[in-house]
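Reproduced below: protein-v5.cif, with mmCIF, C-alpha atoms.
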```
data_data
loop_
_atom_site.label_atom_id
_atom_site.label_comp_id
_atom_site.auth_asym_id
_atom_site.auth_seq_id
_atom_site.Cartn_x
_atom_site.Cartn_y
_atom_site.Cartn_z
CA MET N 1 103.76 -71.04 32.06
CA VAL N 2 100.78 -73.41 32.13
CA SER N 3 101.57 -77.03 31.26
CA VAL N 4 99.87 -78.57 28.22
CA VAL N 5 99.13 -82.15 27.21
CA THR N 6 100.79 -84.00 24.35
CA THR N 7 98.40 -85.43 21.76
CA GLY N 8 100.74 -86.62 19.04
CA THR N 9 98.85 -84.43 16.54
CA TYR N 10 99.12 -80.92 15.07
CA LEU N 11 97.42 -79.74 18.27
CA ASP N 12 100.74 -80.04 20.12
CA ARG N 13 102.31 -77.19 18.16
CA ILE N 14 99.26 -74.99 18.60
CA LEU N 15 98.97 -75.69 22.32
CA ALA N 16 102.64 -74.92 22.95
CA ASN N 17 102.30 -71.65 21.07
CA THR N 18 99.10 -70.80 22.95
CA ALA N 19 100.71 -71.38 26.35
CA ALA N 20 103.62 -69.11 25.41
CA GLU N 21 101.31 -66.36 24.13
CA VAL N 22 99.16 -66.51 27.27
CA ALA N 23 102.26 -66.04 29.40
CA VAL N 24 103.13 -62.89 27.44
CA ARG N 25 99.60 -61.48 27.72
CA LYS N 26 99.54 -62.13 31.46
CA ALA N 27 102.64 -59.97 31.79
CA HIS N 28 100.94 -57.09 29.96
CA VAL N 29 97.32 -57.24 31.13
CA SER N 30 96.63 -58.09 34.75
CA VAL N 31 93.87 -60.37 36.00
CA ALA N 32 92.50 -57.40 37.95
CA THR N 33 92.16 -55.38 34.74
CA LEU N 34 90.33 -58.21 33.00
CA GLU N 35 88.06 -58.72 36.01
CA GLN N 36 87.13 -55.05 35.91
CA GLU N 37 86.35 -55.24 32.18
CA ALA N 38 84.34 -58.43 32.66
CA ALA N 39 82.32 -56.87 35.47
CA SER N 40 81.36 -53.98 33.19
CA ARG N 41 79.82 -56.36 30.66
CA PRO N 42 76.10 -57.22 30.72
CA ALA N 43 75.16 -60.78 31.65
CA ALA N 44 76.19 -63.32 29.04
CA LEU N 45 73.54 -64.86 26.81
CA PRO N 46 72.92 -68.54 27.68
CA MET N 47 74.25 -69.97 24.44
CA ALA N 48 73.47 -73.62 25.16
CA ALA N 49 69.84 -72.75 25.94
CA VAL N 50 69.49 -70.31 23.04
CA LEU N 51 70.45 -73.01 20.53
CA ARG N 52 67.68 -75.38 21.63
CA GLY N 53 64.60 -74.91 19.47
CA GLN N 54 62.21 -76.61 17.09
CA ARG N 55 64.67 -76.34 14.21
CA VAL N 56 68.42 -76.68 13.95
CA ARG N 57 70.44 -73.48 14.44
CA ILE N 58 73.53 -72.43 12.52
CA ILE N 59 76.59 -71.31 14.46
CA THR N 60 78.40 -69.24 11.85
CA GLU N 61 82.15 -69.03 12.22
CA ILE N 62 84.64 -66.27 11.42
CA LYS N 63 87.85 -68.01 10.37
CA ARG N 64 90.44 -66.44 8.06
CA ALA N 65 92.72 -69.48 7.92
CA SER N 66 93.30 -72.94 9.38
CA PRO N 67 96.13 -75.49 9.59
CA SER N 68 94.19 -77.93 7.42
CA LYS N 69 93.10 -75.48 4.70
CA GLY N 70 95.67 -72.66 4.83
CA GLU N 71 94.35 -69.20 3.99
CA ILE N 72 90.58 -69.10 3.58
CA ALA N 73 89.64 -65.42 3.63
CA PRO N 74 92.79 -63.42 4.46
CA GLY N 75 92.33 -59.80 5.42
CA VAL N 76 88.54 -59.89 5.65
CA ALA N 77 87.04 -57.66 8.36
CA ALA N 78 85.39 -59.70 11.10
CA ILE N 79 82.71 -57.07 11.64
CA ASP N 80 81.66 -57.22 7.96
CA VAL N 81 81.40 -61.00 8.05
CA ALA N 82 79.39 -60.85 11.28
CA GLN N 83 76.93 -58.38 9.76
CA ASP N 84 76.33 -60.78 6.88
CA TYR N 85 75.86 -63.70 9.27
CA LEU N 86 73.39 -61.84 11.47
CA ALA N 87 71.40 -60.67 8.45
CA GLY N 88 71.29 -64.24 7.16
CA GLY N 89 69.75 -65.58 10.35
CA ALA N 90 72.71 -67.05 12.24
CA GLY N 91 71.76 -68.56 15.57
CA ALA N 92 75.15 -67.67 17.06
CA ILE N 93 78.62 -66.59 15.93
CA SER N 94 81.91 -68.34 16.60
CA VAL N 95 85.04 -66.19 16.46
CA LEU N 96 88.51 -67.70 16.10
CA THR N 97 90.86 -65.66 18.28
CA ASP N 98 94.10 -67.56 17.61
CA GLU N 99 96.27 -65.27 15.49
CA ARG N 100 99.21 -67.42 14.39
CA PHE N 101 97.29 -70.41 13.00
CA PHE N 102 93.81 -69.02 12.30
CA GLY N 103 94.32 -65.31 11.66
CA GLY N 104 92.01 -64.19 14.46
CA SER N 105 92.27 -61.88 17.45
CA LEU N 106 90.64 -60.79 20.67
CA GLU N 107 89.85 -57.53 18.90
CA ASP N 108 87.70 -59.53 16.46
CA LEU N 109 85.88 -61.10 19.40
CA ARG N 110 85.28 -57.75 21.06
CA ALA N 111 83.92 -56.13 17.89
CA VAL N 112 81.68 -59.05 16.96
CA SER N 113 80.33 -59.41 20.50
CA ASP N 114 79.37 -55.74 20.61
CA LEU N 115 77.65 -56.03 17.23
CA ALA N 116 75.80 -59.28 17.95
CA HIS N 117 74.51 -58.07 21.29
CA ALA N 118 73.32 -54.74 19.88
CA ASP N 119 71.25 -56.42 17.16
CA ALA N 120 67.45 -56.31 17.38
CA TRP N 121 67.72 -60.09 17.87
CA PRO N 122 70.80 -60.48 20.11
CA ARG N 123 72.85 -63.58 19.30
CA PRO N 124 75.42 -65.33 21.52
CA VAL N 125 79.11 -65.27 20.59
CA LEU N 126 81.61 -68.08 21.16
CA ARG N 127 85.31 -67.57 21.69
CA LYS N 128 86.86 -70.40 19.69
CA ASP N 129 90.45 -70.93 20.68
CA PHE N 130 92.71 -73.43 22.38
CA VAL N 131 91.89 -72.67 25.99
CA VAL N 132 94.49 -74.00 28.41
CA ASP N 133 94.33 -71.38 31.18
CA GLN N 134 91.63 -69.72 33.27
CA TYR N 135 93.11 -66.42 32.13
CA GLN N 136 91.76 -67.09 28.61
CA VAL N 137 88.26 -67.70 29.97
CA LEU N 138 88.44 -64.37 31.77
CA GLU N 139 89.73 -62.73 28.57
CA ALA N 140 86.69 -64.08 26.75
CA ARG N 141 84.27 -62.62 29.28
CA ALA N 142 86.10 -59.28 29.29
CA ALA N 143 85.83 -59.15 25.48
CA GLY N 144 82.08 -59.76 25.65
CA ALA N 145 81.87 -63.44 24.69
CA ASP N 146 78.99 -65.57 25.91
CA ALA N 147 80.77 -68.90 25.61
CA VAL N 148 84.18 -70.53 25.29
CA LEU N 149 85.35 -73.69 23.56
CA LEU N 150 87.05 -76.37 25.65
CA ILE N 151 88.74 -79.17 23.68
CA VAL N 152 88.84 -82.44 25.60
CA ALA N 153 91.83 -83.71 23.58
CA ALA N 154 93.86 -80.72 24.78
CA LEU N 155 93.13 -81.08 28.50
CA THR N 156 93.56 -83.50 31.37
CA ASP N 157 90.42 -84.41 33.30
CA PRO N 158 91.25 -82.18 36.30
CA HIS N 159 92.11 -79.29 33.97
CA LEU N 160 88.85 -79.71 32.05
CA LYS N 161 86.84 -79.62 35.28
CA GLU N 162 88.78 -76.57 36.45
CA LEU N 163 88.03 -74.65 33.24
CA LEU N 164 84.38 -75.72 33.28
CA THR N 165 84.06 -74.38 36.81
CA CYS N 166 85.79 -71.14 35.83
CA ALA N 167 83.42 -70.63 32.89
CA ASN N 168 80.37 -71.33 35.03
CA GLU N 169 81.51 -68.89 37.70
CA LEU N 170 81.87 -66.17 35.04
CA GLY N 171 78.43 -66.93 33.63
CA LEU N 172 79.78 -68.34 30.37
CA SER N 173 78.58 -71.41 28.51
CA ALA N 174 81.34 -73.93 27.78
CA LEU N 175 81.10 -75.82 24.50
CA VAL N 176 83.07 -78.99 25.20
CA GLU N 177 84.49 -80.52 22.03
CA VAL N 178 84.94 -84.26 21.56
CA HIS N 179 86.12 -86.48 18.71
CA ASP N 180 85.24 -89.99 19.89
CA GLU N 181 83.44 -92.08 22.51
CA TRP N 182 86.26 -91.90 25.05
CA GLU N 183 86.43 -88.09 24.90
CA LEU N 184 82.63 -87.88 25.16
CA GLU N 185 82.71 -90.03 28.28
CA ARG N 186 85.36 -87.74 29.76
CA ALA N 187 83.33 -84.63 28.90
CA LEU N 188 80.16 -85.98 30.50
CA SER N 189 82.08 -87.16 33.58
CA ALA N 190 83.45 -83.63 33.97
CA GLY N 191 79.89 -82.29 34.04
CA ALA N 192 79.62 -80.93 30.50
CA SER N 193 76.08 -80.36 29.20
CA PHE N 194 76.97 -78.46 26.02
CA ILE N 195 78.71 -80.89 23.67
CA GLY N 196 80.33 -80.29 20.29
CA VAL N 197 81.24 -83.30 18.16
CA ASN N 198 84.09 -82.44 15.81
CA ASN N 199 83.86 -84.51 12.64
CA ARG N 200 87.48 -83.75 11.70
CA ASP N 201 90.14 -86.33 12.53
CA LEU N 202 93.03 -84.61 14.33
CA ARG N 203 95.63 -86.82 12.68
CA SER N 204 94.49 -87.08 9.06
CA PHE N 205 92.40 -83.86 8.86
CA GLY N 206 89.77 -86.03 7.17
CA VAL N 207 86.12 -85.21 7.82
CA ASP N 208 83.26 -87.67 8.34
CA LEU N 209 79.76 -86.59 9.41
CA ALA N 210 79.20 -90.15 10.60
CA THR N 211 81.22 -89.20 13.70
CA THR N 212 78.33 -87.05 14.93
CA GLU N 213 75.83 -89.71 13.91
CA ARG N 214 77.75 -92.31 15.92
CA LEU N 215 78.15 -90.22 19.07
CA ALA N 216 74.77 -88.44 19.15
CA PRO N 217 72.85 -91.38 20.68
CA LEU N 218 75.36 -91.40 23.57
CA VAL N 219 74.66 -87.77 24.48
CA PRO N 220 71.96 -87.23 27.14
CA GLU N 221 68.77 -85.61 25.84
CA SER N 222 69.21 -82.86 28.44
CA ALA N 223 72.48 -81.79 26.83
CA THR N 224 72.75 -79.33 23.92
CA LEU N 225 74.49 -81.01 20.98
CA VAL N 226 76.45 -79.30 18.19
CA GLY N 227 77.87 -80.89 15.04
CA GLU N 228 81.19 -79.32 14.01
CA SER N 229 83.21 -79.48 10.76
CA GLY N 230 82.34 -80.85 7.36
CA VAL N 231 78.99 -79.11 6.84
CA ALA N 232 78.88 -77.73 3.31
CA SER N 233 75.23 -77.91 2.24
CA ARG N 234 71.63 -77.92 3.35
CA ALA N 235 71.67 -81.70 2.91
CA ASP N 236 74.52 -81.92 5.46
CA VAL N 237 72.54 -79.80 7.91
CA GLU N 238 69.49 -82.03 7.49
CA ARG N 239 71.61 -85.14 7.93
CA LEU N 240 72.97 -83.93 11.27
CA GLU N 241 69.55 -82.68 12.33
CA ARG N 242 68.20 -86.20 11.83
CA ALA N 243 71.06 -87.42 14.01
CA GLY N 244 69.74 -85.22 16.83
CA VAL N 245 71.92 -82.11 16.91
CA HIS N 246 70.47 -78.79 18.05
CA ALA N 247 72.98 -76.76 16.01
CA VAL N 248 75.74 -77.10 13.46
CA LEU N 249 78.91 -75.02 13.36
CA VAL N 250 79.91 -73.91 9.86
CA GLY N 251 83.07 -71.97 9.04
CA GLU N 252 84.98 -72.63 5.82
CA THR N 253 81.92 -73.01 3.58
CA LEU N 254 80.52 -69.65 4.68
CA MET N 255 83.87 -67.84 4.68
CA ARG N 256 84.47 -68.85 1.06
CA ALA N 257 80.95 -67.87 -0.08
CA THR N 258 80.63 -64.82 -2.35
CA ASP N 259 77.33 -63.93 -0.63
CA ARG N 260 77.60 -64.98 3.01
CA ARG N 261 74.13 -63.77 3.94
CA ALA N 262 72.55 -65.92 1.22
CA ALA N 263 74.80 -68.84 2.13
CA VAL N 264 73.52 -68.82 5.73
CA GLN N 265 69.93 -68.64 4.51
CA GLU N 266 70.55 -71.57 2.17
CA LEU N 267 71.87 -73.71 5.04
CA LEU N 268 68.78 -72.83 7.09
CA GLY N 269 66.53 -73.94 4.21
#
```
Could you write out this file's structure as structure tokens?
Amino acid sequence: MVSVVTTGTYLDRILANTAAEVAVRKAHVSVATLEQEAASRPAALPMAAVLRGQRVRIITEIKRASPSKGEIAPGVAAIDVAQDYLAGGAGAISVLTDERFFGGSLEDLRAVSDLAHADAWPRPVLRKDFVVDQYQVLEARAAGADAVLLIVAALTDPHLKELLTCANELGLSALVEVHDEWELERALSAGASFIGVNNRDLRSFGVDLATTERLAPLVPESATLVGESGVASRADVERLERAGVHAVLVGETLMRATDRRAAVQELLG
């Protein structure tokens, strides 16, 4: 089983569970099988490049539950949510694939990837999970994802570099998530050029958009910057856009909306 770091936060429980689940999946689905599936997929969309434009893009997230909020939209079909997001003008879609804590699955990722890529305006899809093993990166590619999330707080520096290399070799973008200056420095030192600033504190679950505002000036202009967590309104989007982000990732607000298509359009302004 792959070793995981200890953070002293709720991440520890999730990471331990993830490592155990990966070990089980490895015993059932071989690397060779995943490599064959990945090879049958068309080239991944360059998510980091796609998100760079004249106006901020919205990465819409499919998330049925979370440790901080409990159940958000239990039982909802990922494909239905994705259709609403695409119709609303989403710049990309993030799919939670952790089942135990977030109610997601690889099947969700596969279905949403197929839908998003078949659209008249193909959109990139991110596998959002707690990636601790190259096997998960390969799973993402085999399921049709264009990008994977790598959380600096969950990885040692050598492990982060290893997973970045693995993603690059498979043609995937790697959104590297940071929470503070030290993690940002580690991400940039590892070679990351697609940075996500998570505004949620891992210990208190509190959210502060000022986190992105504080870190944005430290991110090279050549990097693609995403603001994550805490975006609930058009005013929040505009605030982070002024800070210099290229995109914002929005999950809970959209998942709770009665009209998700309209909610995406409202965030876009």
Residues selected by the PyMOL selection byres ((chain N and resi 106) around 9), written as a PyMOL selection string: chain N and resi 95-99+104-105+107-111+127+139-140+143
File of the preceding selection, C-alpha atoms, as a tab-separated table (two decimals), in the coordinates of the input:
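Saved result, part-v5.tsv, follows:
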```tsv
chain	number	residue	atom	x	y	z
N	95	VAL	CA	85.04	-66.19	16.46
N	96	LEU	CA	88.51	-67.70	16.10
N	97	THR	CA	90.86	-65.66	18.28
N	98	ASP	CA	94.10	-67.56	17.61
N	99	GLU	CA	96.27	-65.27	15.49
N	104	GLY	CA	92.01	-64.19	14.46
N	105	SER	CA	92.27	-61.88	17.45
N	107	GLU	CA	89.85	-57.53	18.90
N	108	ASP	CA	87.70	-59.53	16.46
N	109	LEU	CA	85.88	-61.10	19.40
N	110	ARG	CA	85.28	-57.75	21.06
N	111	ALA	CA	83.92	-56.13	17.89
N	127	ARG	CA	85.31	-67.57	21.69
N	139	GLU	CA	89.73	-62.73	28.57
N	140	ALA	CA	86.69	-64.08	26.75
N	143	ALA	CA	85.83	-59.15	25.48
```
Need to verify the contact set: range 66-76 of chain N, 9 Å, all atoms listed in the file, exclusion of same-chain residues closer than 3 positions in sequence. Can you return it as a list in words? Tyr10, Lys63, Ile79, Asp80, Val81, Phe101, Phe102, Gly103, Phe205, Glu252, Met255 and Arg256 of chain N
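Straight-line separation from CA of Gly227 in chain N to CA of Thr212 in chain N: 6.2 Å.
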Result set of the PyMOL selection byres ((chain N and resi 39) around 12) on the coordinates above, as a ChimeraX atom specification: /N:32-38,40-44,138-139,141-144,170-171
Can you spit out the residues from that selection as a PDB file, keeping the file's coordinate frame, using C-alpha atoms?
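This is the output file selection_15.pdb:
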```pdb
ATOM      1  CA  ALA N  32      92.500 -57.400  37.950  1.00  0.00           C
ATOM      2  CA  THR N  33      92.160 -55.380  34.740  1.00  0.00           C
ATOM      3  CA  LEU N  34      90.330 -58.210  33.000  1.00  0.00           C
ATOM      4  CA  GLU N  35      88.060 -58.720  36.010  1.00  0.00           C
ATOM      5  CA  GLN N  36      87.130 -55.050  35.910  1.00  0.00           C
ATOM      6  CA  GLU N  37      86.350 -55.240  32.180  1.00  0.00           C
ATOM      7  CA  ALA N  38      84.340 -58.430  32.660  1.00  0.00           C
ATOM      8  CA  SER N  40      81.360 -53.980  33.190  1.00  0.00           C
ATOM      9  CA  ARG N  41      79.820 -56.360  30.660  1.00  0.00           C
ATOM     10  CA  PRO N  42      76.100 -57.220  30.720  1.00  0.00           C
ATOM     11  CA  ALA N  43      75.160 -60.780  31.650  1.00  0.00           C
ATOM     12  CA  ALA N  44      76.190 -63.320  29.040  1.00  0.00           C
ATOM     13  CA  LEU N 138      88.440 -64.370  31.770  1.00  0.00           C
ATOM     14  CA  GLU N 139      89.730 -62.730  28.570  1.00  0.00           C
ATOM     15  CA  ARG N 141      84.270 -62.620  29.280  1.00  0.00           C
ATOM     16  CA  ALA N 142      86.100 -59.280  29.290  1.00  0.00           C
ATOM     17  CA  ALA N 143      85.830 -59.150  25.480  1.00  0.00           C
ATOM     18  CA  GLY N 144      82.080 -59.760  25.650  1.00  0.00           C
ATOM     19  CA  LEU N 170      81.870 -66.170  35.040  1.00  0.00           C
ATOM     20  CA  GLY N 171      78.430 -66.930  33.630  1.00  0.00           C
TER      21      GLY N 171
END
```
CA of Glu185 in chain N to CA of Leu11 in chain N, distance in Å rounded to a single decimal: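 Between these atoms lies a distance of 20.6 Å.
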Answer key for the PyMOL selection byres ((chain N and resi 156) around 12), residues as a list in words: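 Given this file, the PyMOL selection byres ((chain N and resi 156) around 12) evaluates to Ser3, Val4, Val5, Thr6, Thr7, Val132, Leu150, Ile151, Val152, Ala153, Ala154, Leu155, Asp157, Pro158, His159, Leu160, Lys161, Glu162, Leu163, Glu183, Arg186, Ala187 and Ala190 of chain N.
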Distance in Å - CA of Gly91 in chain N versus CA of Val50 in chain N: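 Computing it gives 8.0 Å between the two atoms.
When all atoms listed in the file are used to compute distances to Ala262 in chain N, the closest of the residues N:Val176, N:Ile195, N:Leu202, N:Leu86 turns out to be N:Leu86.
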Could you check the closest approach to Arg52 in chain N for each of N:Glu266, N:Glu241, N:Asp133, N:Asp114 and tell me which residue wins, using all atoms listed in the file? N:Glu241
Just checking: using all atoms listed in the file, which residue out of N:Arg25, N:Arg200, N:Arg13, N:His246 ends up closest to Leu51 in chain N? N:His246
